[in-house]
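> Hey, dropping input.txt in here, compact mmCIF, C-alpha atoms:
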# COMPACT_ATOMS: atom_id res chain seq x y z
CA MET A 1 -43.37 42.13 -39.89
CA ASP A 2 -41.53 38.90 -40.35
CA LYS A 3 -40.66 39.56 -43.91
CA ARG A 4 -37.01 39.37 -44.74
CA LEU A 5 -35.55 42.32 -46.53
CA GLN A 6 -33.70 41.86 -49.77
CA TYR A 7 -30.29 42.55 -48.29
CA GLU A 8 -31.00 40.02 -45.54
CA GLN A 9 -31.84 37.40 -48.12
CA LEU A 10 -28.65 38.32 -49.91
CA ILE A 11 -26.65 37.94 -46.72
CA GLY A 12 -28.30 34.62 -45.99
CA SER A 13 -27.51 33.21 -49.42
CA LYS A 14 -23.91 34.38 -49.22
CA LEU A 15 -23.42 32.86 -45.77
CA GLU A 16 -24.47 29.46 -47.09
CA SER A 17 -21.20 29.28 -48.98
CA LEU A 18 -18.83 30.01 -46.13
CA PRO A 19 -15.37 28.42 -46.57
CA ILE A 20 -15.15 25.28 -44.48
CA PRO A 21 -11.91 24.74 -42.51
CA ASP A 22 -10.30 21.32 -42.63
CA MET A 23 -10.83 20.28 -39.04
CA GLN A 24 -12.55 16.94 -39.56
CA ASP A 25 -9.89 14.79 -37.96
CA MET A 26 -9.50 17.00 -34.95
CA ILE A 27 -13.22 17.26 -34.34
CA TRP A 28 -13.76 13.53 -34.85
CA SER A 29 -11.08 12.68 -32.30
CA ARG A 30 -12.91 14.86 -29.77
CA ILE A 31 -16.23 13.25 -30.60
CA GLU A 32 -14.77 9.77 -30.35
CA ALA A 33 -13.15 10.52 -27.01
CA GLN A 34 -16.44 11.78 -25.62
CA LEU A 35 -18.34 8.78 -27.00
CA ASP A 36 -15.81 6.39 -25.45
CA ILE A 37 -16.70 7.90 -22.10
CA ASP A 38 -20.43 8.24 -22.53
CA MET A 39 -21.14 5.36 -24.90
CA PRO A 40 -18.22 2.90 -25.05
CA SER A 41 -18.51 0.39 -27.84
CA ASP A 42 -17.39 -3.25 -28.00
CA GLY A 43 -14.89 -3.18 -30.81
CA ASP A 44 -16.50 -2.26 -34.11
CA GLY A 45 -19.98 -3.13 -33.08
CA GLY A 46 -22.28 -4.00 -30.29
CA VAL A 47 -24.11 -1.84 -27.89
CA ASN A 48 -22.64 -1.06 -24.57
CA ASN A 49 -24.34 1.71 -22.76
CA THR A 50 -22.88 0.94 -19.40
CA PRO A 51 -20.65 3.82 -18.43
CA GLN A 52 -17.10 2.82 -17.76
CA THR A 53 -14.37 4.64 -15.96
CA PRO A 54 -12.01 6.44 -18.30
CA PRO A 55 -8.75 4.70 -19.02
CA ILE A 56 -6.15 5.47 -16.43
CA PHE A 57 -3.24 5.28 -18.77
CA SER A 58 -4.23 7.90 -21.30
CA GLY A 59 -1.74 9.59 -23.56
CA PRO A 60 -0.21 12.24 -21.28
CA ILE A 61 -0.29 10.03 -18.19
CA LEU A 62 1.31 7.15 -20.04
CA PHE A 63 4.01 9.45 -21.33
CA GLY A 64 4.73 10.75 -17.84
CA LEU A 65 4.91 7.23 -16.40
CA SER A 66 7.27 6.12 -19.14
CA VAL A 67 9.59 9.05 -18.50
CA GLY A 68 9.53 8.37 -14.77
CA ILE A 69 10.34 4.68 -15.20
CA ILE A 70 13.22 5.44 -17.54
CA ALA A 71 14.61 8.02 -15.12
CA ILE A 72 14.42 5.60 -12.19
CA ALA A 73 16.08 2.83 -14.21
CA THR A 74 18.86 5.17 -15.30
CA LEU A 75 19.55 6.27 -11.73
CA PHE A 76 19.58 2.64 -10.58
CA ILE A 77 22.12 1.68 -13.24
CA ILE A 78 24.36 4.60 -12.35
CA TYR A 79 24.19 3.74 -8.66
CA LYS A 80 25.02 0.10 -9.38
CA ASN A 81 28.00 1.02 -11.54
CA GLN A 82 29.35 3.25 -8.82
CA ASN A 83 29.15 0.44 -6.32
CA GLN A 84 30.89 -1.96 -8.70
CA ASN A 85 33.72 0.49 -9.19
CA LYS A 86 34.24 0.64 -5.46
CA GLU A 87 34.42 -3.13 -5.27
CA THR A 88 36.90 -3.44 -8.08
CA ASN A 89 39.25 -1.02 -6.39
CA THR A 90 39.51 -3.26 -3.32
CA ASN A 91 39.80 -6.58 -5.11
CA THR A 92 42.47 -6.73 -7.75
CA PRO A 93 41.95 -9.55 -10.14
CA PHE A 94 44.38 -12.16 -11.13
CA ILE A 95 46.71 -10.88 -13.72
CA GLU A 96 47.68 -13.07 -16.54
CA ARG A 97 50.90 -12.10 -18.14
CA THR A 98 52.73 -13.32 -21.08
CA ILE A 99 56.43 -12.87 -21.19
CA GLN A 100 57.77 -12.83 -24.67
CA LYS A 101 61.00 -14.43 -25.67
CA SER A 102 63.80 -12.20 -26.68
CA SER A 103 66.66 -13.05 -28.98
CA GLU A 104 69.19 -12.30 -26.34
CA LYS A 105 70.73 -15.02 -24.35
CA PRO A 106 69.92 -15.09 -20.77
CA LYS A 107 72.51 -13.48 -18.71
CA ASP A 108 74.70 -15.68 -16.69
CA PHE A 109 74.07 -15.49 -13.13
CA PRO A 110 76.98 -13.90 -11.39
CA LEU A 111 78.95 -16.42 -9.48
CA SER A 112 79.73 -14.04 -6.78
CA ASP A 113 76.49 -14.62 -5.11
CA ILE A 114 76.87 -18.34 -5.38
CA GLU A 115 80.28 -18.11 -3.89
CA LYS A 116 78.87 -16.11 -1.15
CA ALA A 117 76.19 -18.64 -0.66
CA LYS A 118 78.84 -21.39 -0.64
CA LYS A 119 80.76 -19.72 2.06
CA LYS A 120 77.79 -19.63 4.22
CA SER A 121 77.41 -22.81 6.14
CA PRO A 122 75.42 -24.79 6.36
CA LEU A 123 74.06 -24.33 2.82
CA GLU A 124 70.44 -24.40 2.54
CA ILE A 125 69.59 -27.05 0.12
CA ILE A 126 66.55 -26.62 -1.82
CA GLU A 127 65.17 -29.80 -3.13
CA SER A 128 64.77 -29.91 -6.80
CA GLY A 129 61.35 -31.18 -6.33
CA THR A 130 60.30 -28.11 -4.50
CA GLU A 131 58.24 -25.97 -6.61
CA GLN A 132 59.11 -22.40 -6.36
CA PRO A 133 56.28 -20.06 -6.68
CA ILE A 134 55.88 -19.50 -10.32
CA ALA A 135 53.90 -16.44 -9.61
CA GLU A 136 56.92 -14.25 -9.60
CA PRO A 137 57.13 -13.06 -13.11
CA TYR A 138 59.27 -10.12 -12.33
CA LEU A 139 62.06 -12.51 -11.35
CA TYR A 140 62.50 -13.36 -14.96
CA LYS A 141 62.13 -9.89 -16.09
CA ASP A 142 65.56 -9.52 -17.55
CA TYR A 143 65.69 -12.92 -19.12
CA GLY A 144 64.58 -13.81 -22.55
CA ASN A 145 63.44 -17.17 -21.36
CA PRO A 146 61.83 -17.52 -18.08
CA VAL A 147 63.96 -20.09 -16.34
CA LYS A 148 64.04 -21.98 -13.20
CA LEU A 149 67.60 -22.25 -12.04
CA LEU A 150 68.90 -25.44 -10.60
CA VAL A 151 72.36 -25.11 -9.17
CA ASP A 152 74.22 -28.45 -8.93
CA SER A 153 77.30 -26.86 -7.68
CA ALA A 154 78.67 -23.53 -7.27
CA ASN A 155 80.04 -23.78 -10.79
CA GLU A 156 77.19 -25.40 -12.60
CA ILE A 157 73.93 -23.96 -13.41
CA LYS A 158 71.34 -25.89 -15.10
CA GLU A 159 68.52 -24.25 -16.83
CA ASN A 160 65.14 -25.49 -17.23
CA SER A 161 62.86 -23.62 -19.42
CA ILE A 162 59.44 -23.29 -18.23
CA SER A 163 56.36 -22.00 -19.76
CA ASN A 164 56.41 -18.52 -20.93
CA LYS A 165 53.08 -18.04 -19.48
CA ILE A 166 53.15 -17.13 -15.88
CA ILE A 167 50.08 -16.67 -13.81
CA THR A 168 50.40 -14.37 -10.90
CA SER A 169 48.20 -13.06 -8.17
CA SER A 170 48.28 -9.74 -6.62
CA ASN A 171 48.56 -11.25 -3.17
CA LYS A 172 51.73 -13.14 -4.07
CA LEU A 173 53.07 -10.04 -5.66
CA ASP A 174 52.47 -8.21 -2.46
CA THR A 175 54.32 -10.86 -0.46
CA ILE A 176 57.16 -10.97 -2.90
CA SER A 177 57.61 -7.26 -2.95
CA ALA A 178 58.03 -7.38 0.75
CA LYS A 179 60.98 -9.81 0.44
CA LYS A 180 64.50 -8.78 0.01
CA LYS A 181 65.76 -8.59 -3.54
CA GLY A 182 68.82 -10.53 -4.58
CA LYS A 183 71.97 -8.98 -5.90
CA GLY A 184 73.30 -9.31 -9.41
CA VAL A 185 70.14 -10.32 -11.10
CA THR A 186 67.30 -8.04 -10.54
CA GLU A 187 64.67 -9.33 -8.22
CA ILE A 188 66.25 -12.76 -7.78
CA LYS A 189 66.75 -13.91 -4.26
CA ASP A 190 69.45 -16.11 -2.87
CA SER A 191 66.92 -18.53 -1.60
CA ASP A 192 65.72 -19.11 -5.11
CA TYR A 193 68.83 -21.04 -6.02
CA LYS A 194 69.00 -24.72 -5.57
CA ILE A 195 72.41 -25.75 -4.49
CA ILE A 196 73.09 -29.46 -4.77
CA PRO A 197 76.56 -30.12 -3.72
CA LYS A 198 78.26 -33.07 -5.38
CA GLY A 199 79.52 -35.04 -2.61
CA ASN A 200 81.47 -32.91 -0.34
CA GLU A 201 83.54 -31.17 -2.93
CA MET B 1 -22.60 19.25 -49.83
CA ILE B 2 -23.78 15.83 -48.76
CA ALA B 3 -21.95 13.16 -50.74
CA VAL B 4 -23.62 9.96 -49.63
CA GLU B 5 -26.22 7.84 -51.34
CA GLU B 6 -29.52 6.98 -49.74
CA LYS B 7 -28.69 3.27 -49.46
CA ASP B 8 -25.35 3.97 -47.87
CA LEU B 9 -26.97 6.45 -45.52
CA GLN B 10 -29.48 3.88 -44.36
CA HIS B 11 -26.68 1.39 -43.70
CA ILE B 12 -24.73 4.01 -41.80
CA LEU B 13 -27.73 4.88 -39.65
CA GLU B 14 -28.24 1.23 -38.80
CA GLY B 15 -24.62 1.06 -37.69
CA CYS B 16 -25.07 4.19 -35.58
CA LEU B 17 -28.03 2.56 -33.87
CA THR B 18 -25.68 -0.23 -32.70
CA ASN B 19 -23.06 2.26 -31.52
CA ASN B 20 -20.67 1.21 -34.29
CA ARG B 21 -17.75 3.64 -34.32
CA LYS B 22 -17.02 3.30 -37.99
CA ALA B 23 -20.63 4.02 -38.87
CA GLN B 24 -20.63 7.02 -36.58
CA GLU B 25 -17.46 8.32 -38.16
CA SER B 26 -18.94 7.85 -41.62
CA LEU B 27 -22.03 9.82 -40.65
CA PHE B 28 -19.92 12.60 -39.16
CA ARG B 29 -17.66 12.91 -42.20
CA SER B 30 -20.65 12.85 -44.54
CA PHE B 31 -22.31 15.81 -42.80
CA TYR B 32 -19.21 17.63 -41.54
CA GLY B 33 -19.22 20.37 -44.19
CA PHE B 34 -22.92 21.05 -43.80
CA ALA B 35 -22.73 21.14 -39.99
CA MET B 36 -19.64 23.32 -39.99
CA ASN B 37 -21.29 25.83 -42.31
CA VAL B 38 -24.19 26.18 -39.91
CA ALA B 39 -21.92 26.36 -36.86
CA LEU B 40 -19.75 29.11 -38.36
CA ARG B 41 -22.76 31.43 -38.49
CA TYR B 42 -23.15 31.23 -34.71
CA SER B 43 -19.50 31.35 -33.74
CA ARG B 44 -16.86 33.99 -33.32
CA ASP B 45 -14.13 31.88 -34.92
CA GLU B 46 -13.31 28.40 -36.22
CA MET B 47 -12.50 26.97 -32.79
CA ASP B 48 -15.88 28.04 -31.50
CA ALA B 49 -17.47 26.41 -34.53
CA ALA B 50 -15.50 23.21 -33.88
CA ASP B 51 -16.85 23.15 -30.32
CA ILE B 52 -20.39 23.54 -31.60
CA VAL B 53 -19.97 20.76 -34.18
CA SER B 54 -18.37 18.29 -31.78
CA HIS B 55 -21.02 18.79 -29.11
CA ALA B 56 -23.77 18.60 -31.71
CA PHE B 57 -22.61 15.28 -33.14
CA VAL B 58 -22.24 13.73 -29.71
CA LYS B 59 -25.90 14.58 -29.21
CA VAL B 60 -26.72 13.19 -32.64
CA PHE B 61 -25.19 9.80 -31.81
CA LYS B 62 -26.74 9.71 -28.36
CA SER B 63 -30.21 10.45 -29.70
CA VAL B 64 -30.05 8.72 -33.09
CA LYS B 65 -32.73 6.31 -31.90
CA SER B 66 -35.18 9.22 -31.66
CA PHE B 67 -34.76 10.19 -35.32
CA ASP B 68 -37.92 9.56 -37.28
CA HIS B 69 -37.35 9.50 -41.01
CA THR B 70 -41.06 10.05 -41.62
CA LYS B 71 -40.93 13.50 -40.04
CA GLY B 72 -38.01 14.86 -42.02
CA THR B 73 -34.63 14.21 -43.51
CA ILE B 74 -31.53 13.37 -41.49
CA GLN B 75 -29.97 16.59 -42.79
CA ALA B 76 -32.76 18.75 -41.34
CA TRP B 77 -32.55 16.82 -38.07
CA ILE B 78 -28.79 17.35 -37.78
CA LYS B 79 -29.20 21.05 -38.67
CA LYS B 80 -31.72 21.51 -35.89
CA ILE B 81 -29.29 19.97 -33.37
CA VAL B 82 -26.41 22.13 -34.61
CA VAL B 83 -28.50 25.32 -34.44
CA ASN B 84 -29.60 24.49 -30.90
CA GLU B 85 -26.00 23.87 -29.93
CA GLY B 86 -25.03 27.19 -31.51
CA LEU B 87 -27.71 29.00 -29.56
CA ASP B 88 -26.57 27.34 -26.35
CA HIS B 89 -23.14 28.64 -27.23
CA PHE B 90 -24.56 32.15 -27.52
CA LYS B 91 -26.36 31.83 -24.20
CA SER B 92 -23.16 30.84 -22.50
CA ARG B 93 -21.52 34.01 -23.76
CA SER B 94 -24.29 36.53 -23.11
CA LYS B 95 -27.58 36.99 -21.37
CA PHE B 96 -30.76 37.54 -23.32
CA SER B 97 -32.56 40.26 -21.47
CA ASN B 98 -36.29 40.70 -21.76
CA ASP B 99 -36.14 44.31 -20.76
CA LEU B 100 -35.72 45.46 -24.33
CA GLU B 101 -38.98 45.51 -26.23
CA LEU B 102 -39.98 46.71 -29.63
CA ASP B 103 -43.28 46.47 -31.38
CA SER B 104 -42.18 47.14 -34.90
CA VAL B 105 -38.86 46.86 -36.61
CA PRO B 106 -37.71 49.65 -38.89
CA GLU B 107 -36.48 48.78 -42.38
CA PRO B 108 -33.33 50.72 -43.12
CA GLN B 109 -32.22 51.52 -46.62
CA ILE B 110 -29.19 49.45 -47.53
CA ASN B 111 -27.36 49.45 -50.85
CA ASN B 112 -27.61 45.86 -51.99
CA ALA B 113 -25.03 46.45 -54.68
CA ILE B 114 -22.40 46.83 -52.02
CA LEU B 115 -23.44 43.55 -50.49
CA GLU B 116 -23.29 41.81 -53.80
CA ARG B 117 -19.74 42.97 -54.35
CA MET B 118 -18.61 41.90 -50.91
CA GLY B 119 -17.13 38.49 -50.30
CA VAL B 120 -18.64 36.01 -47.89
CA ASP B 121 -15.79 36.52 -45.39
CA GLU B 122 -16.37 40.27 -45.34
CA ILE B 123 -20.09 39.83 -44.79
CA MET B 124 -19.44 37.32 -41.99
CA ALA B 125 -17.05 39.80 -40.41
CA LEU B 126 -19.79 42.46 -40.42
CA VAL B 127 -22.23 40.10 -38.73
CA LYS B 128 -19.70 39.03 -36.10
CA ARG B 129 -19.30 42.64 -35.00
CA LEU B 130 -22.85 42.52 -33.68
CA PRO B 131 -23.36 41.87 -29.96
CA PRO B 132 -23.94 38.16 -29.21
CA ALA B 133 -27.69 38.33 -28.59
CA THR B 134 -28.25 40.59 -31.61
CA HIS B 135 -26.02 38.34 -33.70
CA ALA B 136 -28.10 35.27 -32.73
CA VAL B 137 -31.43 36.91 -33.55
CA PHE B 138 -30.17 38.26 -36.86
CA ILE B 139 -28.83 34.86 -37.98
CA LEU B 140 -32.02 33.07 -36.95
CA TYR B 141 -34.15 35.62 -38.69
CA ALA B 142 -32.16 36.65 -41.76
CA VAL B 143 -30.25 33.47 -42.50
CA GLU B 144 -32.24 30.58 -41.06
CA GLY B 145 -35.59 32.11 -41.86
CA TYR B 146 -37.25 31.83 -38.45
CA ASN B 147 -40.01 34.25 -37.49
CA HIS B 148 -40.02 36.18 -34.22
CA ARG B 149 -42.33 33.74 -32.52
CA GLU B 150 -40.06 30.83 -33.27
CA ILE B 151 -37.03 32.86 -32.24
CA SER B 152 -38.63 33.80 -28.92
CA GLU B 153 -39.34 30.15 -28.21
CA ARG B 154 -35.82 29.09 -29.03
CA LEU B 155 -34.12 31.82 -27.04
CA ASN B 156 -36.67 31.97 -24.28
CA ILE B 157 -37.30 35.65 -24.88
CA SER B 158 -40.33 37.68 -25.82
CA GLU B 159 -41.20 38.48 -29.39
CA GLY B 160 -40.70 42.17 -28.61
CA THR B 161 -37.15 41.48 -27.49
CA SER B 162 -36.52 39.51 -30.64
CA LYS B 163 -37.74 42.41 -32.73
CA TRP B 164 -35.61 44.86 -30.78
CA HIS B 165 -32.49 42.81 -31.49
CA LEU B 166 -33.34 42.55 -35.19
CA SER B 167 -33.79 46.34 -35.32
CA GLU B 168 -30.42 46.84 -33.69
CA ALA B 169 -28.80 44.44 -36.16
CA ARG B 170 -30.20 46.28 -39.14
CA LYS B 171 -29.06 49.67 -37.82
CA SER B 172 -25.56 48.40 -37.19
CA LEU B 173 -25.25 46.77 -40.59
CA GLN B 174 -26.55 49.84 -42.32
CA LYS B 175 -24.03 52.00 -40.54
CA GLN B 176 -21.16 49.65 -41.42
CA LEU B 177 -22.17 49.32 -45.05
CA GLN B 178 -22.43 53.06 -45.41
CA ASN B 179 -18.76 53.28 -44.50
CA ILE B 180 -17.90 50.84 -47.27
CA LYS B 181 -17.79 52.35 -50.73
What is this file in structure tokens?


Amino acid sequence: MDKRLQYEQLIGSKLESLPIPDMQDMIWSRIEAQLDIDMPSDGDGGVNNTPQTPPIFSGPILFGLSVGIIAIATLFIIYKNQNQNKETNTNTPFIERTIQKSSEKPKDFPLSDIEKAKKKSPLEIIESGTEQPIAEPYLYKDYGNPVKLLVDSANEIKENSISNKIITSSNKLDTISAKKKGKGVTEIKDSDYKIIPKGNE
Amino acid sequence: MIAVEEKDLQHILEGCLTNNRKAQESLFRSFYGFAMNVALRYSRDEMDAADIVSHAFVKVFKSVKSFDHTKGTIQAWIKKIVVNEGLDHFKSRSKFSNDLELDSVPEPQINNAILERMGVDEIMALVKRLPPATHAVFILYAVEGYNHREISERLNISEGTSKWHLSEARKSLQKQLQNIK
């Protein structure tokens, strides 16, 4: 009754040589994961049969957390940059300009304005020691050398070369632009001249 | 199939007793081919077989302390665990009814020459076409060499039911082999 037939023995012997798929690594990873839950080990040895809670930060969870952190950090950086752009629009920084020398001679200041100034009495004398605001680079725009004009008389103009480097501020620029521009020389005002009369000539 | 020396095997088993992962991995890789071959007989495909093998080896490592080398080899012990896991796999897929009884099993005439010409994959494909319960009984009987009493104990069925399933398996295989010429 329990005797195997010949064909069954043949089938049995043939099935002993079934082709084995290469799934060792995959199966071992599953076994190891299950053992880590049921029988966690202390490193490479030791017995630890106390069940422990599975690690919170497993592969997929860790990946999701990393993506979330990166996304939050990116949004924070974008938000911060937007706020900085708004701040820079309201506060203009100091502008440092360098005016280059040109080979051309500075133009002579037209005497007409000085004559006009002379006619006006009393003349406003500007002390030579008074420092004019240097932060008016556009006053020297048409000059090769930025100069500070000292007028001894209506007929004499002394030039003092000053540094080519002029530091300006936007606030001073704003105040200057509001002032009246002088004639003859672009953006030079009458009050910028120092008139030192020689005696009462 | 097993490529590990006796001394190395003893050392590996000692490591498994201390829950050493490397020792456990060595034992698994040493018996992987053998266990997979057994599992494939009870599975529909390779993924099913992988499930059977992984569950079986987890049981092996959990119960390695109960292995008694005086009662048999480690290979026979692992095979027993894999077969049990395979049968549990069958039970999860189908119910073994005790309503089907048979006293004697007919012996159909099958051309063995056809079987000899067939490849192992073709033969396995024929067996897999059997219903799950019939497939399990046929493998246990024809391949593993169990008798109907042992099969009934393993599957928790009567011997008559085991015989009925074997009869059905033989009829089905005969019919399929007759179509192959």

> Up to 6 Å from chain A, what residues of chain B turn up? Count only C-alpha atoms and give them as a list in words.

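That gives Thr18, Asn19, Asn20, Ser54, Asn112, Val120, Ala142, Val143 and Asn147 of chain B for chain B.
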
> Please produce an output containing C-alpha atoms for each residue in the selection, written as a compact mmCIF listing (two decimals), in the coordinates of the input.


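Written out: result12.txt:
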# COMPACT_ATOMS: atom_id res chain seq x y z
CA THR B 18 -25.68 -0.23 -32.70
CA ASN B 19 -23.06 2.26 -31.52
CA ASN B 20 -20.67 1.21 -34.29
CA SER B 54 -18.37 18.29 -31.78
CA ASN B 112 -27.61 45.86 -51.99
CA VAL B 120 -18.64 36.01 -47.89
CA ALA B 142 -32.16 36.65 -41.76
CA VAL B 143 -30.25 33.47 -42.50
CA ASN B 147 -40.01 34.25 -37.49

> Here is a test: counting only C-alpha atoms, which residue of B:His55, B:Ala39, B:Glu25, B:Leu177 is nearest to Ile123 of chain B?

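The closest residue to Ile123 of chain B is B:Leu177.
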
> For Lys79 of chain B, list every protein, DNA or RNA residue within 9 Å, evaluated using all atoms listed in the file, and leave out those in the same chain fewer than 5 positions away; present the list as a PDB file with C-alpha atoms, keeping the file's coordinate frame.


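The resulting file, part-v5.pdb, is reproduced below:
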ATOM      1  CA  PHE B  34     -22.920  21.050 -43.800  1.00  0.00           C
ATOM      2  CA  ALA B  35     -22.730  21.140 -39.990  1.00  0.00           C
ATOM      3  CA  VAL B  38     -24.190  26.180 -39.910  1.00  0.00           C
ATOM      4  CA  ILE B  74     -31.530  13.370 -41.490  1.00  0.00           C
ATOM      5  CA  ASN B  84     -29.600  24.490 -30.900  1.00  0.00           C
TER       6      ASN B  84
END

> Box for segment 26-40 of chain B - axis-aligned, 6 Å on each of the six sides, all listed atoms - centre and size in Å to one decimal, as AutoDock Vina command-line options.


--center_x -20.9 --center_y 18.5 --center_z -40.7 --size_x 18.5 --size_y 33.3 --size_z 19.7
